[in-house]
Amino acid sequence: MIRLQNVHKNYGGCPALTNINLHIAPGEFAFLVGPSGAGKSTLMRLLYREEAPTTGMVFVGGVNLNRLRANQVPLLRRKLGIIFQDYKLLPRQTAFANVAYVLRALGVDEREIARRVTSALCVVNLENKGDAYPDELSGGEQQRVGIARAIVNGPPVLLADEPTGNLDPATSLEIVQLLARISERGTTILISTHDQFIVNATRKRVIALRQGEISSDVDSGFYDAEPSAMQNIEG
Amino acid sequence: MKQLRIVKSIIIETWLGFKQSGWSNWLVISILAIALTIFGGILQVTISLQNLVSSWGSQLEISAYLKDDNDPKVIANEIKQIPGVESIEIIPKEIAWQDMQKSLHVASVVNPLPNTLHVKVISSNSVEDVASRIKLLGSVEHVRFPLKVARRLNQFRQFIEISGLALTAALTVATLTVIGNTIHLVIQARQREIEILSLMGVSPSYIKSPLILQGAFYGAISGLLAMAVLWAVHLYINPLITEQLLGFAPLVSRSMEVSILQTFAILMLLGVAVGAGGSWWTSGRYIKV
């Protein structure tokens with residue numbers, strides 16, 4: 001579902017990613033871990049074509065992003081769900097309206113919008129908070145609205161960039177467990193994080209980045225913020 | 001149906017853009033309306049003067065004196081083919097001679113006058129050209145026309161045209177800058193929505209449409225305001241002109257009637273085009289996929 005081949009990304013001659021080779025299968029759940037500046041966000045931005053690689057190939061859902069024209073980028077992004085650290089909710093719109101916002105822009109019928117939004121809010125256990133405004137919701141609830149918005153279009157791939165960065169450990173774990181449940185329905189999920197607690201509590205595939213390079217890639221791994229502490233607890 | 005829903009959604013987004021812009025809506029509309037009023041005023045004067053100059057120009061007459069033994073009707077038909085000719089009046093030499101005899105009490109001698117054609121042109125700038133082409137006809141003995149007047153009128157018309165164009169360009173640039181800045185403010189205020197829409201796969205054309213529509217509305221409202229001001233001024237000024245320029249009054253007054261309608265049409269088109277164009281340019285500059 002996600003494939004990177006010999007990907008390099010430089011910013012003004014300064015390497016942000018070096019020789020990245022990665023394959024994430026359909027329905028897989030993986031963490032992308034590493035300290036700040038390791039290149040996690042750069043890699044995520046390559047996947048939703050916010051950035052293009054300097055060299056190398058990026059495939060998402062079988063689409064070669066290198067060959068994607070600018071007018072095709074929106075079509076790619078409709079197949080992705082993106083979750084952000086800062087939730088990116090519209091403050092003057094209710095939770096329901098936030099989730100429905102993009103569907104309206106895509107011209108979806110109002111009854112269909114109501115059905116899909118209600119269903120997405122149910123998945124994130126916010127079916128009773130549809131009328132609440134973001135500032136009336138806790139951080140965890142706001143992030144769940146963000147997740148509902150990401151899944152409302154039924155995307156095959158979910159990309160979450162530091163989704164628990166602003167949350168306490170208990171709420172972070174709740175969010176990751178919610179994403180794991182969504183993954184069980186066949187959605188491919190890649191979470192970038194430096195939160196070792198959620199990684200270690202979930203025991204999924206862990207891809208570690210260090211100074212722009214993949215330093216390890218293990219199934220059911222765990223992560224220690226200390227370098228070289230990556231271990232495979234099953235190995 | 002889907003397209004209709006998208007259009008409805010764009011209109012709602014446009015309305016939200018207006019609401020978010022608050023007082024800056026009125027700022028941009030005021031500035032744009034002032035610019036369009038100045039532009040419209042100058043345009044109206046320019047069109048009126050142009051019409052007037054054209055009317056004067058068409059009054060300029062070329063007199064072509066024909067050689068004997070030529071049929072004036074045949075030559076008149078030949079001259080009619082020359083571009084820029086509006087009308088031709090044939091003055092047979094017998095009639096000219098009769099008139100002269102009546103007014104000057106000339107004795108009965110052999111008629112010395114030639115057949116004459118009075119040629120009117122469409123505009124003053126074609127007088128010289130038409131006259132020189134008539135001169136080339138073998139059947140024409142001599143051509144007379146008011147060369148100096150024609151040249152002066154041409155120079156005056158060119159001056160009006162060039163200064164009108166320069167002023168239009170300057171005001172268009174100023175207006176585009178004002179609209180561009182306002183739409184930039186709207187984009188900044190709506191940065192989050194735009195970012196979300198872009199990341200969720202909404203097309204850039206959808207994202208930009210409400211901003212372009214907002215700019216077009218600014219242009220239309222400003223155009224209407226400018227039209228109202230100019231109409232009031234027109235109603236006040238027209239009787240004064242009629243009174244002051246009694247000799248030219250019918251001509252001037254008619255020129256102004258025509259020009260105010262032309263000005264209104266141009267103001268609306270220009271307002272909408274500049275509003276939408278400025279927004280389109282700004283949104284293209286600041287909204288990237």
# chains A, B, ... in the order shown; residues from 1 in each chain; ligands from 1
>>> residues_around(residues="Thr164 of chain A", least_positions_apart="4", cutoff="9 Å", atoms="only C-alpha atoms", output="PDB file with N, CA and C atoms, in the first residue's frame")
ATOM      1  N   PHE A  84      -3.645  15.139  12.419  1.00  0.00           N
ATOM      2  CA  PHE A  84      -2.575  16.075  12.778  1.00  0.00           C
ATOM      3  C   PHE A  84      -2.421  16.195  14.295  1.00  0.00           C
ATOM      4  N   GLN A  85      -1.238  16.593  14.683  1.00  0.00           N
ATOM      5  CA  GLN A  85      -0.968  16.795  16.109  1.00  0.00           C
ATOM      6  C   GLN A  85      -1.862  17.894  16.687  1.00  0.00           C
ATOM      7  N   GLY A 140      -8.457  15.032  23.903  1.00  0.00           N
ATOM      8  CA  GLY A 140      -8.668  13.685  23.344  1.00  0.00           C
ATOM      9  C   GLY A 140      -9.897  13.657  22.445  1.00  0.00           C
ATOM     10  N   GLN A 143      -9.158  15.337  19.191  1.00  0.00           N
ATOM     11  CA  GLN A 143      -8.404  14.468  18.292  1.00  0.00           C
ATOM     12  C   GLN A 143      -9.310  13.382  17.706  1.00  0.00           C
ATOM     13  N   ASP A 168      -2.347  13.670  27.088  1.00  0.00           N
ATOM     14  CA  ASP A 168      -1.748  12.977  28.231  1.00  0.00           C
ATOM     15  C   ASP A 168      -1.623  11.486  27.909  1.00  0.00           C
ATOM     16  N   PRO A 169      -0.826  10.731  28.651  1.00  0.00           N
ATOM     17  CA  PRO A 169      -0.562   9.322  28.292  1.00  0.00           C
ATOM     18  C   PRO A 169      -1.830   8.470  28.185  1.00  0.00           C
ATOM     19  N   THR A 171      -4.952   9.345  27.534  1.00  0.00           N
ATOM     20  CA  THR A 171      -5.732   9.716  26.344  1.00  0.00           C
ATOM     21  C   THR A 171      -4.995   9.291  25.075  1.00  0.00           C
ATOM     22  N   SER A 172      -3.652   9.406  25.098  1.00  0.00           N
ATOM     23  CA  SER A 172      -2.846   8.998  23.949  1.00  0.00           C
ATOM     24  C   SER A 172      -3.091   7.524  23.644  1.00  0.00           C
ATOM     25  N   LEU A 173      -3.077   6.733  24.705  1.00  0.00           N
ATOM     26  CA  LEU A 173      -3.276   5.292  24.528  1.00  0.00           C
ATOM     27  C   LEU A 173      -4.672   5.013  23.963  1.00  0.00           C
ATOM     28  N   ILE A 175      -6.391   6.932  22.040  1.00  0.00           N
ATOM     29  CA  ILE A 175      -6.389   7.313  20.609  1.00  0.00           C
ATOM     30  C   ILE A 175      -5.736   6.216  19.781  1.00  0.00           C
ATOM     31  N   VAL A 176      -4.597   5.714  20.268  1.00  0.00           N
ATOM     32  CA  VAL A 176      -3.890   4.690  19.490  1.00  0.00           C
ATOM     33  C   VAL A 176      -4.715   3.401  19.433  1.00  0.00           C
ATOM     34  N   THR A 193       5.538   9.209  15.531  1.00  0.00           N
ATOM     35  CA  THR A 193       5.503   9.613  16.950  1.00  0.00           C
ATOM     36  C   THR A 193       6.888   9.506  17.583  1.00  0.00           C
ATOM     37  N   ASP A 195       6.557   9.159  20.987  1.00  0.00           N
ATOM     38  CA  ASP A 195       5.989   8.794  22.288  1.00  0.00           C
ATOM     39  C   ASP A 195       6.198   7.293  22.519  1.00  0.00           C
ATOM     40  N   ILE A 198       3.114   4.911  23.948  1.00  0.00           N
ATOM     41  CA  ILE A 198       2.061   4.339  23.085  1.00  0.00           C
ATOM     42  C   ILE A 198       2.627   3.247  22.182  1.00  0.00           C
TER      43      ILE A 198
END
>>> closest_atom_pairs(of="segment 114-179 of chain A", to="segment 86-107 of chain A", cutoff="7 Å", atoms="only C-alpha atoms", output="JSON lines")
{"residue": "A:Val117", "atom": "CA", "partner": "A:Ala100", "partner_atom": "CA", "distance": 6.2}
{"residue": "A:Lys129", "atom": "CA", "partner": "A:Ala95", "partner_atom": "CA", "distance": 6.9}
{"residue": "A:Gly130", "atom": "CA", "partner": "A:Phe96", "partner_atom": "CA", "distance": 4.6}
{"residue": "A:Asp131", "atom": "CA", "partner": "A:Thr94", "partner_atom": "CA", "distance": 5.3}
{"residue": "A:Ala132", "atom": "CA", "partner": "A:Thr94", "partner_atom": "CA", "distance": 5.3}
{"residue": "A:Tyr133", "atom": "CA", "partner": "A:Thr94", "partner_atom": "CA", "distance": 4.3}
{"residue": "A:Pro134", "atom": "CA", "partner": "A:Pro91", "partner_atom": "CA", "distance": 5.7}
{"residue": "A:Gln142", "atom": "CA", "partner": "A:Tyr87", "partner_atom": "CA", "distance": 6.6}
{"residue": "A:Gln143", "atom": "CA", "partner": "A:Tyr87", "partner_atom": "CA", "distance": 5.5}
{"residue": "A:Val145", "atom": "CA", "partner": "A:Ala95", "partner_atom": "CA", "distance": 6.3}
{"residue": "A:Gly146", "atom": "CA", "partner": "A:Tyr87", "partner_atom": "CA", "distance": 5.5}
{"residue": "A:Ala148", "atom": "CA", "partner": "A:Val99", "partner_atom": "CA", "distance": 6.4}
{"residue": "A:Arg149", "atom": "CA", "partner": "A:Val99", "partner_atom": "CA", "distance": 4.4}
>>> write_last_selection(atoms="N, CA and C atoms", output="JSON list (two decimals), in the first residue's frame")
[["chain", "number", "residue", "atom", "x", "y", "z"],
["A", 117, "VAL", "N", -21.29, 10.98, 8.52],
["A", 117, "VAL", "CA", -20.72, 11.70, 9.68],
["A", 117, "VAL", "C", -21.16, 11.01, 10.97],
["A", 129, "LYS", "N", -21.72, 14.00, 20.81],
["A", 129, "LYS", "CA", -21.03, 15.31, 20.90],
["A", 129, "LYS", "C", -21.01, 16.04, 19.56],
["A", 130, "GLY", "N", -21.87, 15.64, 18.67],
["A", 130, "GLY", "CA", -21.89, 16.24, 17.33],
["A", 130, "GLY", "C", -22.16, 17.73, 17.35],
["A", 131, "ASP", "N", -22.94, 18.20, 18.34],
["A", 131, "ASP", "CA", -23.30, 19.62, 18.37],
["A", 131, "ASP", "C", -22.29, 20.47, 19.15],
["A", 132, "ALA", "N", -21.28, 19.80, 19.71],
["A", 132, "ALA", "CA", -20.32, 20.56, 20.54],
["A", 132, "ALA", "C", -19.29, 21.26, 19.65],
["A", 133, "TYR", "N", -18.86, 22.43, 20.12],
["A", 133, "TYR", "CA", -17.81, 23.16, 19.42],
["A", 133, "TYR", "C", -16.46, 22.69, 19.97],
["A", 134, "PRO", "N", -15.38, 22.81, 19.17],
["A", 134, "PRO", "CA", -14.08, 22.31, 19.60],
["A", 134, "PRO", "C", -13.67, 22.77, 21.01],
["A", 142, "GLN", "N", -11.18, 16.22, 20.88],
["A", 142, "GLN", "CA", -10.89, 16.98, 19.65],
["A", 142, "GLN", "C", -10.12, 16.10, 18.66],
["A", 143, "GLN", "N", -9.16, 15.34, 19.19],
["A", 143, "GLN", "CA", -8.40, 14.47, 18.29],
["A", 143, "GLN", "C", -9.31, 13.38, 17.71],
["A", 145, "VAL", "N", -12.42, 13.82, 16.98],
["A", 145, "VAL", "CA", -13.14, 14.49, 15.88],
["A", 145, "VAL", "C", -12.24, 14.50, 14.64],
["A", 146, "GLY", "N", -10.95, 14.79, 14.87],
["A", 146, "GLY", "CA", -9.98, 14.79, 13.76],
["A", 146, "GLY", "C", -9.91, 13.41, 13.09],
["A", 148, "ALA", "N", -12.38, 11.15, 13.15],
["A", 148, "ALA", "CA", -13.66, 10.95, 12.45],
["A", 148, "ALA", "C", -13.62, 11.64, 11.09],
["A", 149, "ARG", "N", -13.05, 12.85, 11.06],
["A", 149, "ARG", "CA", -12.94, 13.58, 9.78],
["A", 149, "ARG", "C", -12.04, 12.83, 8.80]]
>>> select_by_dssp(residues="segment 65-112 of chain B", states="alpha helix (DSSP H)", output="list in words")
Pro72, Lys73, Val74, Ile75, Ala76, Asn77, Glu78, Ile79, Lys80, Lys93, Glu94, Ile95, Ala96, Trp97, Gln98, Asp99, Met100, Gln101, Lys102, Ser103 and Leu104 of chain B
>>> write_last_selection(atoms="C-alpha atoms", output="mmCIF file, in the first residue's frame")
data_model
loop_
_atom_site.group_PDB
_atom_site.id
_atom_site.type_symbol
_atom_site.label_atom_id
_atom_site.label_comp_id
_atom_site.auth_asym_id
_atom_site.auth_seq_id
_atom_site.Cartn_x
_atom_site.Cartn_y
_atom_site.Cartn_z
ATOM 1 C CA PRO B 72 -20.310 63.106 -61.372
ATOM 2 C CA LYS B 73 -22.478 60.099 -60.401
ATOM 3 C CA VAL B 74 -19.883 57.628 -61.690
ATOM 4 C CA ILE B 75 -17.094 59.399 -59.818
ATOM 5 C CA ALA B 76 -19.239 59.627 -56.686
ATOM 6 C CA ASN B 77 -19.710 55.844 -56.815
ATOM 7 C CA GLU B 78 -15.948 55.414 -57.170
ATOM 8 C CA ILE B 79 -15.276 57.645 -54.142
ATOM 9 C CA LYS B 80 -17.887 55.807 -52.072
ATOM 10 C CA LYS B 93 -22.060 72.925 -61.996
ATOM 11 C CA GLU B 94 -25.355 74.362 -63.276
ATOM 12 C CA ILE B 95 -26.809 74.574 -59.781
ATOM 13 C CA ALA B 96 -23.593 75.987 -58.348
ATOM 14 C CA TRP B 97 -23.598 78.624 -61.078
ATOM 15 C CA GLN B 98 -27.256 79.506 -60.430
ATOM 16 C CA ASP B 99 -26.530 79.929 -56.727
ATOM 17 C CA MET B 100 -23.533 82.070 -57.428
ATOM 18 C CA GLN B 101 -25.441 84.233 -59.849
ATOM 19 C CA LYS B 102 -28.183 84.744 -57.253
ATOM 20 C CA SER B 103 -25.865 85.669 -54.432
ATOM 21 C CA LEU B 104 -23.221 87.623 -56.330
#
>>> closest_atom_pairs(of="chain B", to="chain A", cutoff="8 Å", atoms="only C-alpha atoms", output="tab-separated table")
residue	atom	partner	partner_atom	distance
B:Lys2	CA	A:Gly107	CA	5.1
B:Gln3	CA	A:Gly107	CA	6.7
B:Leu4	CA	A:Gly107	CA	7.9
B:Arg5	CA	A:Gly107	CA	5.2
B:Ile6	CA	A:Gly107	CA	4.7
B:Ser9	CA	A:Ala105	CA	6.3
B:Ile10	CA	A:Ala105	CA	7.8
B:Arg192	CA	A:Lys88	CA	7.0
B:Glu193	CA	A:Leu90	CA	6.9
B:Ile196	CA	A:Lys88	CA	7.0
B:Leu197	CA	A:Val102	CA	6.3
B:Ser198	CA	A:Pro74	CA	7.2
B:Leu199	CA	A:Arg77	CA	6.5
B:Met200	CA	A:Arg77	CA	5.7
B:Gly201	CA	A:Pro74	CA	3.9
B:Val202	CA	A:Pro74	CA	5.7
B:Ser203	CA	A:Pro74	CA	5.6
B:Tyr206	CA	A:Ala105	CA	7.5
B:Val289	CA	A:Ala70	CA	7.3
>>> write_last_selection(atoms="C-alpha atoms", output="mmCIF file, in the first residue's frame")
data_model
loop_
_atom_site.group_PDB
_atom_site.id
_atom_site.type_symbol
_atom_site.label_atom_id
_atom_site.label_comp_id
_atom_site.auth_asym_id
_atom_site.auth_seq_id
_atom_site.Cartn_x
_atom_site.Cartn_y
_atom_site.Cartn_z
ATOM 1 C CA LYS B 2 -23.666 17.281 -7.378
ATOM 2 C CA GLN B 3 -22.522 20.382 -9.251
ATOM 3 C CA LEU B 4 -25.447 22.356 -7.814
ATOM 4 C CA ARG B 5 -24.516 21.249 -4.300
ATOM 5 C CA ILE B 6 -20.919 22.340 -4.933
ATOM 6 C CA SER B 9 -21.367 25.246 -0.954
ATOM 7 C CA ILE B 10 -19.176 27.806 -2.781
ATOM 8 C CA ARG B 192 -6.804 26.910 8.501
ATOM 9 C CA GLU B 193 -9.869 26.104 6.376
ATOM 10 C CA ILE B 196 -7.661 21.528 5.766
ATOM 11 C CA LEU B 197 -9.503 21.567 2.453
ATOM 12 C CA SER B 198 -6.240 21.198 0.557
ATOM 13 C CA LEU B 199 -4.985 18.312 2.706
ATOM 14 C CA MET B 200 -8.341 16.548 2.501
ATOM 15 C CA GLY B 201 -8.249 16.502 -1.276
ATOM 16 C CA VAL B 202 -10.522 19.381 -2.211
ATOM 17 C CA SER B 203 -9.502 20.822 -5.568
ATOM 18 C CA TYR B 206 -13.046 24.902 -5.338
ATOM 19 C CA VAL B 289 -1.607 22.627 -3.339
#
>>> atom_distance(atom1="atom CA of Leu32 of chain A", atom2="atom CA of Arg205 of chain A")
8.7 Å
>>> atom_distance(atom1="atom CA of Pro204 of chain B", atom2="atom CA of Arg3 of chain A")
26.8 Å
>>> atom_distance(atom1="atom CA of Thr55 of chain A", atom2="atom CA of Arg210 of chain A")
19.1 Å
>>> residues_around(residues="Pro114 of chain B", least_positions_apart="5", cutoff="7 Å", atoms="only C-alpha atoms", output="number ranges by chain")
B: 65-68, 93
>>> closest_residue(among="B:Leu43, B:Ala189, B:Val130, B:Ile183", to="Ile162 of chain B", atoms="only C-alpha atoms")
B:Leu43
>>> residues_around(residues="Phe59 of chain A", least_positions_apart="5", cutoff="7 Å", atoms="only C-alpha atoms", output="PyMOL selection string")
chain A and resi 2-4+64-65
>>> residues_around(residues="Gln211 of chain A", least_positions_apart="2", cutoff="7 Å", atoms="only C-alpha atoms", output="PyMOL selection string")
chain A and resi 38-39+209+213
>>> residues_around(residues="Leu32 of chain B", least_positions_apart="5", cutoff="9 Å", atoms="only C-alpha atoms", output="list in words")
Leu27, Thr37, Ala174, Thr175, Val178, Ile179, Tyr218, Gly219, Ser222, Gly223, Ala226, Gly271 and Gly275 of chain B
>>> residues_around(residues="Ile24 of chain A", least_positions_apart="2", cutoff="8 Å", atoms="only C-alpha atoms", output="NGL selection string")
:A and (1-3 or 22 or 26 or 28 or 30 or 188)
>>> select_by_dssp(residues="segment 79-289 of chain B", states="strand (DSSP E)", output="list of chain:residue names")
B:Val85, B:Glu86, B:Ser87, B:Ile88, B:Glu89, B:Ile90, B:Ile91, B:Thr116, B:Leu117, B:His118, B:Val119, B:Lys120, B:Val121, B:Val140, B:Glu141, B:His142, B:Val143, B:Arg144
>>> write_last_selection(atoms="N, CA and C atoms", output="short mmCIF file (atom, residue, chain, number, x, y, z; two decimals), in the first residue's frame")
data_model
loop_
_atom_site.label_atom_id
_atom_site.label_comp_id
_atom_site.auth_asym_id
_atom_site.auth_seq_id
_atom_site.Cartn_x
_atom_site.Cartn_y
_atom_site.Cartn_z
N VAL B 85 -15.34 57.03 -45.98
CA VAL B 85 -16.28 57.98 -46.57
C VAL B 85 -17.67 57.74 -45.99
N GLU B 86 -18.29 58.80 -45.48
CA GLU B 86 -19.62 58.64 -44.89
C GLU B 86 -20.72 58.92 -45.92
N SER B 87 -20.61 60.09 -46.58
CA SER B 87 -21.64 60.43 -47.57
C SER B 87 -21.05 61.38 -48.62
N ILE B 88 -21.74 61.41 -49.75
CA ILE B 88 -21.27 62.29 -50.85
C ILE B 88 -22.47 63.08 -51.38
N GLU B 89 -22.24 64.36 -51.54
CA GLU B 89 -23.29 65.19 -52.11
C GLU B 89 -22.78 65.72 -53.47
N ILE B 90 -23.60 65.53 -54.47
CA ILE B 90 -23.18 66.00 -55.82
C ILE B 90 -23.75 67.41 -56.04
N ILE B 91 -22.87 68.34 -56.37
CA ILE B 91 -23.32 69.70 -56.71
C ILE B 91 -23.03 69.89 -58.21
N THR B 116 -19.00 69.58 -58.74
CA THR B 116 -18.31 69.45 -57.44
C THR B 116 -18.94 68.32 -56.62
N LEU B 117 -18.07 67.61 -55.88
CA LEU B 117 -18.57 66.59 -54.93
C LEU B 117 -18.20 67.04 -53.52
N HIS B 118 -19.17 67.07 -52.62
CA HIS B 118 -18.86 67.36 -51.21
C HIS B 118 -18.85 66.02 -50.47
N VAL B 119 -17.65 65.63 -50.02
CA VAL B 119 -17.48 64.31 -49.40
C VAL B 119 -17.36 64.48 -47.88
N LYS B 120 -18.24 63.77 -47.14
CA LYS B 120 -18.13 63.78 -45.67
C LYS B 120 -17.47 62.48 -45.23
N VAL B 121 -16.61 62.62 -44.20
CA VAL B 121 -15.92 61.41 -43.72
C VAL B 121 -16.47 61.00 -42.36
N VAL B 140 -10.53 63.87 -61.27
CA VAL B 140 -10.64 64.97 -60.29
C VAL B 140 -9.58 66.02 -60.62
N GLU B 141 -10.05 67.26 -60.75
CA GLU B 141 -9.16 68.36 -61.11
C GLU B 141 -8.41 68.86 -59.87
N HIS B 142 -9.19 69.04 -58.81
CA HIS B 142 -8.61 69.68 -57.63
C HIS B 142 -9.39 69.23 -56.37
N VAL B 143 -8.66 69.15 -55.25
CA VAL B 143 -9.32 68.75 -53.99
C VAL B 143 -8.99 69.79 -52.94
N ARG B 144 -10.03 70.15 -52.14
CA ARG B 144 -9.79 71.10 -51.05
C ARG B 144 -10.38 70.56 -49.76
#
>>> closest_residue(among="A:Gln5, A:Thr18, A:Thr187, A:Thr42", to="Val58 of chain A", atoms="only C-alpha atoms")
A:Gln5
>>> closest_residue(among="B:Leu137, B:Ala228, B:Leu153, B:Leu213", to="Trp15 of chain B", atoms="only C-alpha atoms")
B:Leu213
